[in-house]
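Okay, my_file_38.cif is below, mmCIF, C-alpha atoms:
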data_target
loop_
_atom_site.group_PDB
_atom_site.id
_atom_site.type_symbol
_atom_site.label_atom_id
_atom_site.label_comp_id
_atom_site.auth_asym_id
_atom_site.auth_seq_id
_atom_site.Cartn_x
_atom_site.Cartn_y
_atom_site.Cartn_z
ATOM 1 C CA MET A 1250 19.820 69.123 -19.517
ATOM 2 C CA GLN A 1251 17.929 67.059 -22.092
ATOM 3 C CA ARG A 1252 19.314 63.821 -20.574
ATOM 4 C CA ALA A 1253 18.056 64.846 -17.128
ATOM 5 C CA ILE A 1254 14.630 65.601 -18.570
ATOM 6 C CA ASN A 1255 14.636 62.260 -20.410
ATOM 7 C CA LEU A 1256 15.595 60.355 -17.248
ATOM 8 C CA LEU A 1257 12.870 62.079 -15.253
ATOM 9 C CA LEU A 1258 10.368 61.274 -17.989
ATOM 10 C CA VAL A 1259 11.461 57.620 -18.044
ATOM 11 C CA ALA A 1260 11.213 57.421 -14.250
ATOM 12 C CA ALA A 1261 7.774 59.066 -14.247
ATOM 13 C CA LEU A 1262 6.472 56.800 -16.993
ATOM 14 C CA SER A 1263 7.883 53.761 -15.229
ATOM 15 C CA LEU A 1264 6.264 54.804 -11.959
ATOM 16 C CA ALA A 1265 3.003 55.244 -13.834
ATOM 17 C CA GLY A 1266 3.343 51.708 -15.168
ATOM 18 C CA ILE A 1267 3.395 52.949 -18.759
ATOM 19 C CA ILE A 1268 6.752 51.427 -19.675
ATOM 20 C CA LEU A 1269 6.842 47.662 -19.858
ATOM 21 C CA PRO A 1270 8.755 46.110 -16.953
ATOM 22 C CA ALA A 1271 12.387 45.305 -17.610
ATOM 23 C CA PRO A 1272 13.581 41.701 -17.462
ATOM 24 C CA ALA A 1273 14.613 40.402 -14.038
ATOM 25 C CA THR A 1274 18.247 40.789 -14.980
ATOM 26 C CA VAL A 1275 19.689 43.087 -17.570
ATOM 27 C CA ALA A 1276 23.148 42.333 -18.917
ATOM 28 C CA GLN A 1277 23.790 45.766 -20.369
ATOM 29 C CA ALA A 1278 22.371 49.223 -20.290
ATOM 30 C CA GLY A 1279 20.227 50.649 -23.029
ATOM 31 C CA ALA A 1280 22.410 52.187 -25.731
ATOM 32 C CA ARG A 1281 20.532 55.502 -25.583
ATOM 33 C CA ASP A 1282 20.004 56.106 -21.895
ATOM 34 C CA GLY A 1283 22.530 53.879 -20.106
ATOM 35 C CA VAL A 1284 19.980 52.863 -17.462
ATOM 36 C CA ILE A 1285 20.172 49.382 -15.979
ATOM 37 C CA VAL A 1286 16.922 48.167 -14.416
ATOM 38 C CA LEU A 1287 16.729 45.082 -12.227
ATOM 39 C CA LYS A 1288 13.754 43.375 -10.655
ATOM 40 C CA SER A 1289 13.921 43.087 -6.875
ATOM 41 C CA ARG A 1290 12.476 40.394 -4.658
ATOM 42 C CA TYR A 1291 11.964 42.874 -1.802
ATOM 43 C CA SER A 1292 9.666 45.780 -1.029
ATOM 44 C CA VAL A 1293 11.024 49.271 -1.664
ATOM 45 C CA ASP A 1294 11.803 49.796 2.031
ATOM 46 C CA GLU A 1295 13.493 46.397 2.387
ATOM 47 C CA ALA A 1296 15.551 46.894 -0.766
ATOM 48 C CA VAL A 1297 16.629 50.366 0.356
ATOM 49 C CA SER A 1298 17.580 49.017 3.775
ATOM 50 C CA LYS A 1299 19.702 46.275 2.190
ATOM 51 C CA ILE A 1300 21.366 48.683 -0.237
ATOM 52 C CA LYS A 1301 22.151 51.150 2.545
ATOM 53 C CA GLY A 1302 23.491 48.299 4.677
ATOM 54 C CA ASN A 1303 25.778 47.198 1.827
ATOM 55 C CA VAL A 1304 26.957 50.769 1.322
ATOM 56 C CA ALA A 1305 27.819 51.093 5.026
ATOM 57 C CA GLU A 1306 29.426 47.644 5.149
ATOM 58 C CA LYS A 1307 31.728 48.583 2.265
ATOM 59 C CA GLY A 1308 32.732 51.874 3.902
ATOM 60 C CA ILE A 1309 31.081 53.926 1.153
ATOM 61 C CA THR A 1310 29.690 57.347 2.020
ATOM 62 C CA LEU A 1311 25.881 57.554 2.059
ATOM 63 C CA PHE A 1312 24.953 61.076 0.956
ATOM 64 C CA ASP A 1313 21.171 60.907 0.965
ATOM 65 C CA ASP A 1314 18.009 58.819 0.886
ATOM 66 C CA ILE A 1315 15.287 60.796 -0.861
ATOM 67 C CA ASP A 1316 11.728 59.553 -0.410
ATOM 68 C CA GLN A 1317 10.153 60.659 -3.686
ATOM 69 C CA ALA A 1318 6.704 59.375 -2.710
ATOM 70 C CA ALA A 1319 6.746 61.547 0.426
ATOM 71 C CA LEU A 1320 7.868 64.556 -1.608
ATOM 72 C CA GLY A 1321 5.083 63.880 -4.096
ATOM 73 C CA ALA A 1322 2.494 63.560 -1.347
ATOM 74 C CA ALA A 1323 3.628 66.862 0.163
ATOM 75 C CA ALA A 1324 3.133 68.452 -3.270
ATOM 76 C CA GLY A 1325 -0.321 66.887 -3.680
ATOM 77 C CA ASN A 1326 0.767 64.131 -6.070
ATOM 78 C CA LYS A 1327 0.205 60.444 -5.471
ATOM 79 C CA VAL A 1328 3.497 58.684 -6.204
ATOM 80 C CA ARG A 1329 3.997 54.981 -5.642
ATOM 81 C CA PRO A 1330 6.880 54.101 -3.321
ATOM 82 C CA SER A 1331 10.079 55.480 -4.821
ATOM 83 C CA ARG A 1332 13.384 56.252 -3.139
ATOM 84 C CA LEU A 1333 16.576 57.657 -4.567
ATOM 85 C CA ILE A 1334 19.754 56.621 -2.744
ATOM 86 C CA LEU A 1335 22.902 58.710 -3.295
ATOM 87 C CA PHE A 1336 26.265 57.312 -2.284
ATOM 88 C CA GLY A 1337 29.859 57.151 -3.347
ATOM 89 C CA ASN A 1338 33.527 56.991 -2.577
ATOM 90 C CA PRO A 1339 34.937 60.505 -3.082
ATOM 91 C CA ALA A 1340 38.418 59.132 -3.778
ATOM 92 C CA LEU A 1341 37.027 57.105 -6.680
ATOM 93 C CA GLY A 1342 34.191 59.320 -7.906
ATOM 94 C CA THR A 1343 36.189 62.522 -8.064
ATOM 95 C CA THR A 1344 38.729 60.859 -10.396
ATOM 96 C CA PHE A 1345 36.009 60.976 -13.053
ATOM 97 C CA ILE A 1346 35.415 64.658 -12.359
ATOM 98 C CA THR A 1347 39.133 65.356 -12.748
ATOM 99 C CA ALA A 1348 38.955 63.725 -16.192
ATOM 100 C CA ASN A 1349 35.903 65.791 -17.185
ATOM 101 C CA PRO A 1350 34.195 68.225 -14.780
ATOM 102 C CA VAL A 1351 30.809 67.585 -16.441
ATOM 103 C CA ALA A 1352 31.020 64.008 -15.109
ATOM 104 C CA GLY A 1353 29.928 65.605 -11.831
ATOM 105 C CA LEU A 1354 26.395 65.296 -13.209
ATOM 106 C CA ASP A 1355 26.673 61.541 -12.600
ATOM 107 C CA TRP A 1356 28.354 61.672 -9.188
ATOM 108 C CA PRO A 1357 27.589 60.708 -6.526
ATOM 109 C CA VAL A 1358 26.175 57.368 -7.609
ATOM 110 C CA ARG A 1359 22.384 57.185 -7.646
ATOM 111 C CA VAL A 1360 20.225 54.095 -7.259
ATOM 112 C CA LEU A 1361 16.482 54.432 -7.719
ATOM 113 C CA VAL A 1362 14.283 51.868 -5.963
ATOM 114 C CA TYR A 1363 10.660 52.071 -7.043
ATOM 115 C CA GLU A 1364 7.418 50.139 -7.104
ATOM 116 C CA MET A 1365 5.643 49.417 -10.376
ATOM 117 C CA LYS A 1366 1.876 49.613 -10.814
ATOM 118 C CA ASP A 1367 1.663 45.809 -10.485
ATOM 119 C CA GLY A 1368 3.463 45.941 -7.120
ATOM 120 C CA THR A 1369 6.813 44.623 -8.333
ATOM 121 C CA VAL A 1370 9.895 46.535 -7.286
ATOM 122 C CA ARG A 1371 12.658 47.713 -9.584
ATOM 123 C CA VAL A 1372 16.172 48.923 -8.879
ATOM 124 C CA ALA A 1373 17.711 51.244 -11.471
ATOM 125 C CA TYR A 1374 21.106 52.858 -11.895
ATOM 126 C CA THR A 1375 23.272 54.288 -14.653
ATOM 127 C CA ASP A 1376 25.781 51.964 -16.295
ATOM 128 C CA PHE A 1377 29.354 53.117 -15.679
ATOM 129 C CA ASP A 1378 30.589 52.211 -19.159
ATOM 130 C CA TRP A 1379 27.815 54.405 -20.517
ATOM 131 C CA ILE A 1380 28.863 57.233 -18.150
ATOM 132 C CA ALA A 1381 32.434 56.966 -19.448
ATOM 133 C CA ARG A 1382 31.213 57.208 -23.058
ATOM 134 C CA ARG A 1383 28.795 60.014 -22.231
ATOM 135 C CA HIS A 1384 31.594 62.151 -20.851
ATOM 136 C CA GLY A 1385 34.283 60.997 -23.280
ATOM 137 C CA ILE A 1386 36.454 59.672 -20.447
ATOM 138 C CA THR A 1387 38.952 57.164 -21.815
ATOM 139 C CA SER A 1388 41.686 57.549 -19.208
ATOM 140 C CA ARG A 1389 39.912 55.963 -16.213
ATOM 141 C CA GLY A 1390 39.193 52.409 -17.374
ATOM 142 C CA LYS A 1391 40.404 50.790 -14.156
ATOM 143 C CA GLU A 1392 38.349 53.165 -12.035
ATOM 144 C CA PHE A 1393 35.187 52.686 -14.106
ATOM 145 C CA LYS A 1394 35.630 48.923 -13.866
ATOM 146 C CA MET A 1395 35.912 49.217 -10.081
ATOM 147 C CA ALA A 1396 32.794 51.404 -9.912
ATOM 148 C CA SER A 1397 30.893 48.828 -12.008
ATOM 149 C CA GLU A 1398 31.936 46.056 -9.637
ATOM 150 C CA VAL A 1399 30.885 48.101 -6.612
ATOM 151 C CA ILE A 1400 27.393 48.911 -7.959
ATOM 152 C CA LYS A 1401 26.855 45.245 -8.812
ATOM 153 C CA ALA A 1402 27.939 44.215 -5.312
ATOM 154 C CA VAL A 1403 25.741 46.860 -3.683
ATOM 155 C CA THR A 1404 22.637 45.835 -5.658
ATOM 156 C CA GLU A 1405 23.222 42.073 -5.860
ATOM 157 C CA PRO A 1406 21.407 41.142 -2.612
ATOM 158 C CA VAL A 1407 18.182 42.832 -3.757
ATOM 159 C CA ARG A 1408 18.056 41.299 -7.235
ATOM 160 C CA GLN A 1409 15.440 38.685 -7.985
#
Would you kindly transcribe this structure into structure tokens?
Amino acid sequence: MQRAINLLLVAALSLAGIILPAPATVAQAGARDGVIVLKSRYSVDEAVSKIKGNVAEKGITLFDDIDQAALGAAAGNKVRPSRLILFGNPALGTTFITANPVAGLDWPVRVLVYEMKDGTVRVAYTDFDWIARRHGITSRGKEFKMASEVIKAVTEPVRQ
């Protein structure tokens, strides 16, 4: 629960422009939170469109596209463009859940595409090596490696 609260706080602070922007490319996730943040060369809508296109092209299931700015507006809050894309391959993702049911907190895969106060766009997701450590999963190395390759391929076209 605390991790979820921390992630929401990080996302909110980032959307508010309080956290300094991450470098254009990040080689590894933060040791504490496991979040990888990339700079995008596209608008939020364009980046989401490209990510969803890559997901479809790879035959991955798209579960949802949540427009957080629209939800905020409906609740009376002004939120800069922010969309959460949920996708995954059940055959791959559920292998993590069979290793540790609590890993279901991190499945399906989530990619957050959001606009910073300065207008730049970021793409964030949770590092799969970090997810493995978080859940103490040591028996799915090949699967975690595959998931890492997939998320890189899905987000590569939107990276700056």
Problem - For Val1328 (chain A), the nearest of the candidates A:Ala1296, A:Ile1285, A:Met1365, A:Val1360, counting all atoms listed in the file - result: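 Distance minimum relative to Val1328 (chain A) lands on A:Met1365.
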Practice task
Go through the shown structure with the PyMOL selection byres ((chain A and resi 1302) around 12) and write out the matching residues as a PyMOL selection string.
Solution key: chain A and resi 1295-1301+1303-1311+1334+1336+1402-1404+1406-1407
Residues from last step as file, C-alpha atoms, as a compact mmCIF listing (two decimals), in the frame of the given file:
# COMPACT_ATOMS: atom_id res chain seq x y z
CA GLU A 1295 13.49 46.40 2.39
CA ALA A 1296 15.55 46.89 -0.77
CA VAL A 1297 16.63 50.37 0.36
CA SER A 1298 17.58 49.02 3.78
CA LYS A 1299 19.70 46.28 2.19
CA ILE A 1300 21.37 48.68 -0.24
CA LYS A 1301 22.15 51.15 2.54
CA ASN A 1303 25.78 47.20 1.83
CA VAL A 1304 26.96 50.77 1.32
CA ALA A 1305 27.82 51.09 5.03
CA GLU A 1306 29.43 47.64 5.15
CA LYS A 1307 31.73 48.58 2.26
CA GLY A 1308 32.73 51.87 3.90
CA ILE A 1309 31.08 53.93 1.15
CA THR A 1310 29.69 57.35 2.02
CA LEU A 1311 25.88 57.55 2.06
CA ILE A 1334 19.75 56.62 -2.74
CA PHE A 1336 26.26 57.31 -2.28
CA ALA A 1402 27.94 44.22 -5.31
CA VAL A 1403 25.74 46.86 -3.68
CA THR A 1404 22.64 45.84 -5.66
CA PRO A 1406 21.41 41.14 -2.61
CA VAL A 1407 18.18 42.83 -3.76
Problem - Atom-to-atom span, CA of Met1395 (chain A) and CA of Thr1375 (chain A), Å - result: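 CA of Met1395 (chain A) sits 14.4 Å away from CA of Thr1375 (chain A).
The residues returned by the PyMOL selection byres ((chain A and resi 1355) around 10) on the shown structure are Gly1342, Phe1345, Ile1346, Val1351, Ala1352, Gly1353, Leu1354, Trp1356, Pro1357, Val1358, Arg1359, Thr1375, Phe1377, Ile1380, Arg1383 and His1384 of chain A.
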Fill in the blank from the handout: Of A:Lys1366, A:Ala1381, A:Ile1386, A:Phe1312, the one sitting nearest Asn1338 (chain A) when using only C-alpha atoms is A:Phe1312
Compile the contact shell of Gly1321 (chain A) as a CSV table (one decimal) with C-alpha atoms, keeping the file's coordinate frame: residues with an atom at most 12 Å away, counting only C-alpha atoms, same-chain residues fewer than 5 positions apart removed.
chain,number,residue,atom,x,y,z
A,1261,ALA,CA,7.8,59.1,-14.2
A,1315,ILE,CA,15.3,60.8,-0.9
A,1316,ASP,CA,11.7,59.6,-0.4
A,1326,ASN,CA,0.8,64.1,-6.1
A,1327,LYS,CA,0.2,60.4,-5.5
A,1328,VAL,CA,3.5,58.7,-6.2
A,1329,ARG,CA,4.0,55.0,-5.6
A,1330,PRO,CA,6.9,54.1,-3.3
A,1331,SER,CA,10.1,55.5,-4.8
A,1332,ARG,CA,13.4,56.3,-3.1
